[in-house]
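Visitor: Right, I'll just put the structure down here and ask away after.
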There are 4 protein chains.
Amino acid sequence: MKSIGIGLIGTGFMGKCHAMAYGGVKAVFGDVTTPRLELLCDLDETVAAQKAREFGFARWTTNWRELVDDPAVDIVSITAPNGMHRQMTEAAASAGKAIYCEKPLALTLADGIAMRDAVQEAGVASLTGYNYLRNPAVIHAKKLIDAGVIGRIIQFRGIYDEDYMADENLPYTWRCRIKDAGTGTLGDLAVHLISVAHFLVDDIAAVMGDIRTVHENRPDPDTPGRSGRVENDDQINALIRFNNGVQGTIASSRIAWGRKSYLQWEIHGSKGMIRFNQERMNELYLYEAGGDPAVQGFKTILTGPAHPPFGLFTPAPGHGIGFNDLKVIEVAHLLRGLEGRETLYPDMNDALHIERVIHGIIASSEQGKWLQP
Amino acid sequence: MKSIGIGLIGTGFMGKCHAMAYGGVKAVFGDVTTPRLELLCDLDETVAAQKAREFGFARWTTNWRELVDDPAVDIVSITAPNGMHRQMTEAAASAGKAIYCEKPLALTLADGIAMRDAVQEAGVASLTGYNYLRNPAVIHAKKLIDAGVIGRIIQFRGIYDEDYMADENLPYTWRCRIKDAGTGTLGDLAVHLISVAHFLVDDIAAVMGDIRTVHENRPDPDTPGRSGRVENDDQINALIRFNNGVQGTIASSRIAWGRKSYLQWEIHGSKGMIRFNQERMNELYLYEAGGDPAVQGFKTILTGPAHPPFGLFTPAPGHGIGFNDLKVIEVAHLLRGLEGRETLYPDMNDALHIERVIHGIIASSEQGKWLQP
Amino acid sequence: MKSIGIGLIGTGFMGKCHAMAYGGVKAVFGDVTTPRLELLCDLDETVAAQKAREFGFARWTTNWRELVDDPAVDIVSITAPNGMHRQMTEAAASAGKAIYCEKPLALTLADGIAMRDAVQEAGVASLTGYNYLRNPAVIHAKKLIDAGVIGRIIQFRGIYDEDYMADENLPYTWRCRIKDAGTGTLGDLAVHLISVAHFLVDDIAAVMGDIRTVHENRPDPDTPGRSGRVENDDQINALIRFNNGVQGTIASSRIAWGRKSYLQWEIHGSKGMIRFNQERMNELYLYEAGGDPAVQGFKTILTGPAHPPFGLFTPAPGHGIGFNDLKVIEVAHLLRGLEGRETLYPDMNDALHIERVIHGIIASSEQGKWLQP
Amino acid sequence: MKSIGIGLIGTGFMGKCHAMAYGGVKAVFGDVTTPRLELLCDLDETVAAQKAREFGFARWTTNWRELVDDPAVDIVSITAPNGMHRQMTEAAASAGKAIYCEKPLALTLADGIAMRDAVQEAGVASLTGYNYLRNPAVIHAKKLIDAGVIGRIIQFRGIYDEDYMADENLPYTWRCRIKDAGTGTLGDLAVHLISVAHFLVDDIAAVMGDIRTVHENRPDPDTPGRSGRVENDDQINALIRFNNGVQGTIASSRIAWGRKSYLQWEIHGSKGMIRFNQERMNELYLYEAGGDPAVQGFKTILTGPAHPPFGLFTPAPGHGIGFNDLKVIEVAHLLRGLEGRETLYPDMNDALHIERVIHGIIASSEQGKWLQP
């Protein structure tokens, strides 16, 4: 396969991110199939036309079904609102297309299951966009863990906080409604954290959650003096246990002032500890037990060419990659997966495991007891 | 009262810490009653004599009951092993002495209740040594919270980790046995974290714990090839709810490689966030919402004379106080409390609340459900 | 102008960086002229062909003069070895092309002057690639300074350290020879620091340097047992004074173990301080004098959409941009400059000011006195 | 010698610091001669009496000559204004007393020489109070350097900044006058930095300074609308060379907003780097070259019992010592020096070397050339 046709649904935050990644991946990675930017979809005709020009797509449409069925499109990238993921996935699967869908899968677990089933039945490849797993720092953390550098894992603690809803006077929007947005911080943020936990430790086997809507009412932007009731979670805390028996905690908030992309985790081992924080995404912190206690301490490791695929971006260590570069790496993984060189992870089945966890957290929070997701 | 007689039981880690604090408090604080170092107790005669000389005590004894009953002793400082706290407290209370006892209260909740009852019935003053509450940074955090600088509290997350038991080949000792040590990380470390949570937020009203002995067997130092079974907790995680409804998490480990005094907490508010870490005990981190987003960020506040009683140690901001200075502040609080100028906190009743929480964590962990401590 | 033809000389570290920037700039910035990747030059035919395919260039050549003269090429990007910059610039200027040349200008000051003269005489536009000036954090620092947030500037201190030559057993290479590499750390690293100083404070008016070749001999890779004499600077320190009278220091080393991209500077003002470190390129540190001393401290500002053009990369604050994104911003500046919307800075004349400073540092170091560069 | 008599002149910032150190050293160190707090001197009778009571001195006086001549006084601690140091030292030396004098020696180099000569002629022991040299972190840095952990030293960079004069509207005081205060930031701050450089690297052999009075006039507190001319240095920068040929820079400011005790230095070696910052005085940063590049990074070492004499303060690593504890260590060194167990450093001759450097910086700044101090 010399090139592969891309159809992209969505031109917003993640739509642009996908477009930049497809546009840049060949120059960075060199040895991957060349993405051909075939067709871009946006509901607004002016936007679709303009963004196609800017992103370098050959054609545009306002009808996503047209895109899904277009014979020149091999991969369908879905960055539309979460409520659309299911029908787009089902249509793309029916059309036999590979599917690259942003997280979370869907608004409900039932929809997620339907999506997983659709791709499995159609036998099409899928990848979900969890962004943070292929950071060279994270990949290296996994290597260190697998090599036993920190011994056996004994604890996982993770946090993912942002503050995009922290202002309690922000207006009531679709984000506050279950039928439009599904969960709150769980689907927006916590799923990322869970994806990292699954990637680095093991799948989560049991959860004991405590979720909370803190800012219960937000001002109705349309009717002064009225407010709307927020239906989904602002803050979540959970005790967790992994399949391998390891204990842990996760916590996430969309109302944590000062936190912008605070995807922070630490993995305790019997011989050391590894820590990471996405807000300093080019650093990895490692403590190795042993040796002279007078020179023991956490190392701040700046990522560089010693942490593939960093060196494909720049041969200079410590020079730093950015958020969008993570998506380039994810797209390279997608292309290699489709070439059969790598196993796509997390595909829609893996993503379903992640979403079972968030729904398990909700249920265990309601029931006040441990549940298996 | 021009001076006050001190009797100190114990000359180890915390015994020396008490001695240094009594010896230094008058020079630092000036306006407190002068401690008179009357009597020092250690079971070993040589140690008792030598330490009395070094610490500046007038006399020494190997019999703690003698100390408790000595008419020149007004305050009994208890830094003996936790299993001795109850009988020493009961004797000192009977003798009408003020009691300054290191945390935790006792090995069992029953003993803790007995101690609380003893001081209340005898009508003697008590203070428990929780060390970290009177750090100028922590006191200032409380002021900021009380002044509404971060709005209303919406979340508490706390960790207290050390690594003194992290090496799984450390020999089996009394610390591993419930009858000698009581709980593990709960009584050693988590109680400090809970004391901070109670001080800054509110008393904890409900807990959902998950505790674990990770290194289940440790080598028997006396019989090569044999090992002893560790009975108490290495790692604890818990979901918590405060009386005022605030949600939170606490986690603590005595086996967290690289952590030396990682008493770290963050308090999320509706208008900002405050963070602190005892490993950088002279810093407080504050994020205040509002204003130009282009210059928003966490401030690293170095403590100084603007944060009383820092200025009594040195008038130079950022010059730093140390762990032992925290004990000097605690002793000043004790002396002022006995003069009626401050309300002693946490006294044995307050300490009992803290210990109810750790026993609640154990019970909820066993029962797999939320409990009220 | 709907599109503009790009000719790129070089496919190594910075060649690839230019290619990625040209390839990505339209998707990120939207409103700039679309770069048309016309012609790529590399001396090696296989490399040229392969990289043209990967980078998306329409054609390739092994003859840079052919590229310079190609009528479809509007901008000549020069990322060839520094010793080639002069003749390439002169040829491109003669051909009437806009020139985008990597720093430093040339091996000698005379060559730099010739380059500046060539572009001025030909009346062609030029931009030199100083990478770090258009980081949103740095641009925001300039805004804060210009707005008087830190009062008037009273001090500049800067460091640029890396460790790519720190190993004293690294073999002797062309980098060690003046005729091949020109200066050492001065041309590689210090020029970046000076570019920032000129951008944020003012042009440097006087220097007092102290330069040193620390690892004087390096093993000859071709003849075991022999070594070659390093001719250029490993470490440089200098006192500086700016045109506006401000005092400062600069220091730079290519042999500073542990430093990977430590371009660190601090600007002291009469009302505050701003600090930055490229190794944490998404953070800016600001201290503003005044207000309650109890809450004063350096703020860690995470860059985001409030710091243009960050938002064009991602609308999510704190998510981080990377080194290559800085080049995308630089290329956007180039394109806008050629459209007449921005003034190109630093052009070759500005770059010459920078290089006069490094040659002034060498001369003042030799003469042991202050010199005006 | 079972005990040693202390006479302390001064009860302010450093006077109190000396008093606390004498009062605490025996409890901490155990094996040192016991200081007997004999006589305290303050010009103000009320202050003298009150502070003697608080600090635990047996007697007080308002006449320092009486103190110097008191037969029960063995050590004279001088914490009076710098302008008094010479006559006090000369009198104490004549009286045959050991002298513990705060830095800097004197207002002028001539006075410093006279002091050094006085103690040498009288054959009395002396120690100057440079505070920061005996931090366990700094002592450990010296051990690492001496053990060759970072190879041979190739660079020293140091900064000492505070902001106690940063507000340009602070009133004109004696601190601004050469005849009352001598130098500015040089004598207040830079001398500390030089003491560290001498301790860790070697004596400084040549300097090239650039000093500046930035806030040239300050409001006269007595006459509204008038101002006084500041005579001494606000900011100093200098290139330096050590006796052993190592190159370096030092910089110091008393007007650096946000800096509270920013005594920061870094020592580059041929095999690694060590860094330290007094604002985080319980941390040492170490980078060791070699090994797998994927796990290289600066280690943050928290001081503990592995770094003597930390363990005498507390057996718990990472629990932190404070500024006043540094003085306790310095006093232990003094006592041990007088017992003949350690060599007092820096004595008045060593201090004179330090002060020659600051006067060399002034002269080289005026002459615009390198000077040997």
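How things are named: the first chain in the structure tokens is A, the next is B, and so on; residues count from 1 in each chain; ligands count from 1 in the order shown.
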Skipping near chain neighbours, those fewer than 6 positions away, what residues fall within 10 Å of Glu121 in chain B using only C-alpha atoms, listed as a list in words?
Guide: Ala93, Ser94 and Met115 of chain B
Visitor: Filtering to N, CA, C and O atoms, could you give me those residues as a PDB file, in the first residue's frame?
Guide:
ATOM      1  N   ALA B  93      -2.086  11.407  84.916  1.00  0.00           N
ATOM      2  CA  ALA B  93      -3.376  12.060  85.168  1.00  0.00           C
ATOM      3  C   ALA B  93      -3.736  11.936  86.653  1.00  0.00           C
ATOM      4  O   ALA B  93      -4.171  12.910  87.285  1.00  0.00           O
ATOM      5  N   SER B  94      -3.537  10.745  87.170  1.00  0.00           N
ATOM      6  CA  SER B  94      -3.805  10.549  88.610  1.00  0.00           C
ATOM      7  C   SER B  94      -2.972  11.490  89.462  1.00  0.00           C
ATOM      8  O   SER B  94      -3.418  11.986  90.489  1.00  0.00           O
ATOM      9  N   MET B 115      -7.456   6.516  77.842  1.00  0.00           N
ATOM     10  CA  MET B 115      -6.569   7.660  78.061  1.00  0.00           C
ATOM     11  C   MET B 115      -7.357   8.971  78.051  1.00  0.00           C
ATOM     12  O   MET B 115      -7.157   9.834  78.911  1.00  0.00           O
TER      13      MET B 115
END
Visitor: Counting only C-alpha atoms, which residues of chain C sit at most 8 Å from some atom of chain A, and what is each one's closest atom pair with its distance in Å to one decimal, listed by chain and rising residue number, as a Markdown table?
Guide:
| residue | atom | partner | partner_atom | distance |
| --- | --- | --- | --- | --- |
| C:Phe13 | CA | A:Thr314 | CA | 6.6 |
| C:Lys16 | CA | A:Ala27 | CA | 7.6 |
| C:Cys17 | CA | A:Thr314 | CA | 7.6 |
| C:Ala19 | CA | A:Ala27 | CA | 7.4 |
| C:Met20 | CA | A:Ala27 | CA | 6.3 |
| C:Gly23 | CA | A:Gly24 | CA | 6.7 |
| C:Gly24 | CA | A:Gly24 | CA | 6.4 |
| C:Lys26 | CA | A:Glu54 | CA | 5.5 |
| C:Ala27 | CA | A:Phe55 | CA | 4.5 |
| C:Val28 | CA | A:Met20 | CA | 7.4 |
| C:Gly30 | CA | A:Glu54 | CA | 5.3 |
| C:Lys51 | CA | A:Gly30 | CA | 7.9 |
| C:Glu54 | CA | A:Ala27 | CA | 4.9 |
| C:Phe55 | CA | A:Ala27 | CA | 4.5 |
| C:Gly56 | CA | A:Ala27 | CA | 7.4 |
| C:Lys260 | CA | A:Gly318 | CA | 4.9 |
| C:Ser261 | CA | A:Gly318 | CA | 5.5 |
| C:Gln278 | CA | A:His319 | CA | 7.6 |
| C:Glu279 | CA | A:Gly318 | CA | 6.0 |
| C:Arg280 | CA | A:Arg280 | CA | 7.1 |
| C:Met281 | CA | A:Gly320 | CA | 7.7 |
| C:Leu302 | CA | A:Lys260 | CA | 7.8 |
| C:Phe313 | CA | A:Asn324 | CA | 7.4 |
| C:Thr314 | CA | A:Phe13 | CA | 6.6 |
| C:Pro315 | CA | A:Phe13 | CA | 6.6 |
| C:Ala316 | CA | A:Lys260 | CA | 7.6 |
| C:Pro317 | CA | A:Lys260 | CA | 5.7 |
| C:Gly318 | CA | A:Lys260 | CA | 4.9 |
| C:His319 | CA | A:Ser261 | CA | 5.7 |
| C:Gly320 | CA | A:Gly322 | CA | 5.0 |
| C:Ile321 | CA | A:Gly322 | CA | 3.9 |
| C:Gly322 | CA | A:Ile321 | CA | 3.9 |
| C:Phe323 | CA | A:Gly320 | CA | 5.4 |
| C:Asn324 | CA | A:Ile321 | CA | 7.2 |
| C:Asp325 | CA | A:Gly322 | CA | 7.7 |
Visitor: What does the structure give for the distance between CA of Ser195 in chain C and CA of Ile354 in chain C, in Å to one decimal?
Guide: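 Pair CA of Ser195 in chain C / CA of Ile354 in chain C returns 6.4 Å.
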Visitor: Can you pull out every residue within 12 Å of Cys101 in chain A, counting only C-alpha atoms, but drop anything in the same chain fewer than 5 positions away, and send it as a PyMOL selection string?
Guide: chain A and resi 7-10+14-15+18+75-82+84-90+92-93+106+112+115-116+119+125-131+330-331+334+346-348+351
Visitor: Residues of the last selection are to be written out with C-alpha atoms, as an mmCIF file, in the first residue's frame.
Guide:
data_model
loop_
_atom_site.group_PDB
_atom_site.id
_atom_site.type_symbol
_atom_site.label_atom_id
_atom_site.label_comp_id
_atom_site.auth_asym_id
_atom_site.auth_seq_id
_atom_site.Cartn_x
_atom_site.Cartn_y
_atom_site.Cartn_z
ATOM 1 C CA GLY A 7 -11.753 10.809 5.726
ATOM 2 C CA LEU A 8 -12.018 13.114 8.731
ATOM 3 C CA ILE A 9 -15.283 13.986 10.452
ATOM 4 C CA GLY A 10 -14.954 17.147 12.529
ATOM 5 C CA MET A 14 -9.579 17.202 17.962
ATOM 6 C CA GLY A 15 -10.492 17.441 14.296
ATOM 7 C CA HIS A 18 -6.145 14.717 13.612
ATOM 8 C CA ILE A 75 -9.723 5.340 7.363
ATOM 9 C CA VAL A 76 -12.616 7.207 8.957
ATOM 10 C CA SER A 77 -11.497 9.587 11.687
ATOM 11 C CA ILE A 78 -14.323 10.407 14.057
ATOM 12 C CA THR A 79 -13.932 13.595 16.089
ATOM 13 C CA ALA A 80 -17.617 14.527 16.128
ATOM 14 C CA PRO A 81 -19.523 14.981 19.419
ATOM 15 C CA ASN A 82 -19.583 11.802 21.514
ATOM 16 C CA MET A 84 -22.567 10.745 17.229
ATOM 17 C CA HIS A 85 -19.813 8.160 17.695
ATOM 18 C CA ARG A 86 -22.078 5.136 17.642
ATOM 19 C CA GLN A 87 -23.901 5.748 14.417
ATOM 20 C CA MET A 88 -20.760 6.905 12.654
ATOM 21 C CA THR A 89 -18.875 3.840 13.826
ATOM 22 C CA GLU A 90 -21.668 1.503 12.782
ATOM 23 C CA ALA A 92 -18.088 3.071 8.866
ATOM 24 C CA ALA A 93 -17.873 -0.543 10.008
ATOM 25 C CA ALA A 106 -20.118 6.824 23.596
ATOM 26 C CA GLY A 112 -20.126 1.440 23.585
ATOM 27 C CA MET A 115 -19.751 -0.006 18.718
ATOM 28 C CA ARG A 116 -17.386 -2.733 19.829
ATOM 29 C CA VAL A 119 -16.344 -3.349 14.454
ATOM 30 C CA ALA A 125 -9.608 -2.383 12.413
ATOM 31 C CA SER A 126 -10.184 0.260 15.074
ATOM 32 C CA LEU A 127 -8.177 2.577 17.259
ATOM 33 C CA THR A 128 -9.483 4.912 19.942
ATOM 34 C CA GLY A 129 -7.753 8.220 20.525
ATOM 35 C CA TYR A 130 -6.413 8.164 24.064
ATOM 36 C CA ASN A 131 -3.585 10.598 23.259
ATOM 37 C CA GLU A 330 -0.723 7.791 17.676
ATOM 38 C CA VAL A 331 -1.394 8.150 13.958
ATOM 39 C CA LEU A 334 -2.549 3.504 13.500
ATOM 40 C CA PRO A 346 -6.539 0.527 22.601
ATOM 41 C CA ASP A 347 -8.962 -0.689 19.971
ATOM 42 C CA MET A 348 -12.716 -0.462 20.576
ATOM 43 C CA ALA A 351 -11.770 1.143 25.050
#
Visitor: Looking only at strand (DSSP E) from DSSP on the backbone, list the matching residues of range 37-229 of chain B as an MDAnalysis selection string.
Guide: chainID B and resid 37:41 59:61 75:78 98:102 126:129 153:161 204:212 217:219 227:229
Visitor: So that I can check the surroundings of Arg157 in chain C, please list as a list in words every protein, DNA and RNA residue that reaches within 8 Å of it, counting only C-alpha atoms and ignoring chain neighbours fewer than 5 positions away.
Guide: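 Within the cut-off, the hits are Gly248, Thr249, Ile250, Trp265, Glu266 and Ile267 of chain C.
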Visitor: Any chance you can output those residues with N, CA and C atoms as a short mmCIF file (atom, residue, chain, number, x, y, z; two decimals), in the first residue's frame?
Guide:
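What landed in out-v2.cif:
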data_model
loop_
_atom_site.label_atom_id
_atom_site.label_comp_id
_atom_site.auth_asym_id
_atom_site.auth_seq_id
_atom_site.Cartn_x
_atom_site.Cartn_y
_atom_site.Cartn_z
N GLY C 248 24.30 43.02 32.84
CA GLY C 248 23.93 41.62 32.77
C GLY C 248 25.09 40.67 32.68
N THR C 249 24.74 39.39 32.63
CA THR C 249 25.74 38.34 32.43
C THR C 249 25.17 37.31 31.46
N ILE C 250 26.07 36.71 30.70
CA ILE C 250 25.68 35.54 29.94
C ILE C 250 26.73 34.45 30.12
N TRP C 265 16.86 32.11 31.39
CA TRP C 265 17.16 33.52 31.61
C TRP C 265 16.24 34.11 32.66
N GLU C 266 16.71 35.18 33.26
CA GLU C 266 15.89 35.91 34.23
C GLU C 266 16.11 37.38 33.99
N ILE C 267 15.00 38.11 34.06
CA ILE C 267 15.04 39.56 33.88
C ILE C 267 14.52 40.19 35.15
#
Visitor: Can you list, as a ChimeraX atom specification, every residue of range 207-295 of chain D that DSSP puts in helix (DSSP H, G or I)?
Guide: /D:278-280,293-295
Visitor: Export C-alpha atoms of the chosen residues as a CSV table (one decimal), in the first residue's frame?
Guide:
chain,number,residue,atom,x,y,z
D,278,GLN,CA,19.6,27.6,49.9
D,279,GLU,CA,15.9,28.3,49.4
D,280,ARG,CA,15.6,24.5,49.2
D,293,PRO,CA,21.3,7.5,28.6
D,294,ALA,CA,17.6,6.6,28.9
D,295,VAL,CA,17.7,6.9,32.7
Visitor: Give me, as a list in words, all polymer residues having an atom no more than 10 Å from Glu355 in chain A, counting only C-alpha atoms and skipping those fewer than 5 positions away in the same chain.
Guide: Lys103, Pro104, Leu105, Ala106, Leu107, Thr108, Leu109, Gly112, Ile113, Leu186, Gly187, Ala190, Val191, Ile194, Ser195, Asn349, Asp350, Gly360, Ile361 and Pro373 of chain A
Visitor: Take CA of Arg341 in chain C and CA of Val124 in chain C and report the distance between them in Å, one decimal.
Guide: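 Between CA of Arg341 in chain C and CA of Val124 in chain C the gap is 16.1 Å.
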Visitor: Work out how far CA of Ile6 in chain D is from CA of Asn63 in chain D, in Å to one decimal.
Guide: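 CA of Ile6 in chain D lies 15.4 Å from CA of Asn63 in chain D.
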Visitor: Counting only C-alpha atoms, give me one row per residue of range 72-180 of chain B with an atom at most 10 Å from an atom of range 209-214 of chain B, showing the shortest contact pair and its distance in Å to one decimal, sorted by chain then residue number, as CSV.
Guide:
residue,atom,partner,partner_atom,distance
B:Ala166,CA,B:Val214,CA,9.8
B:Glu168,CA,B:Val214,CA,9.0
B:Cys176,CA,B:Thr213,CA,10.0
Visitor: Store the residues picked out above in a file with C-alpha atoms, as a PDB file, in the first residue's frame.
Guide:
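again_18.pdb, written as the output of this step:
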ATOM      1  CA  ALA B 166      10.234  -0.215  51.737  1.00  0.00           C
ATOM      2  CA  GLU B 168      11.275  -6.045  51.684  1.00  0.00           C
ATOM      3  CA  CYS B 176       5.338  -5.785  62.422  1.00  0.00           C
TER       4      CYS B 176
END
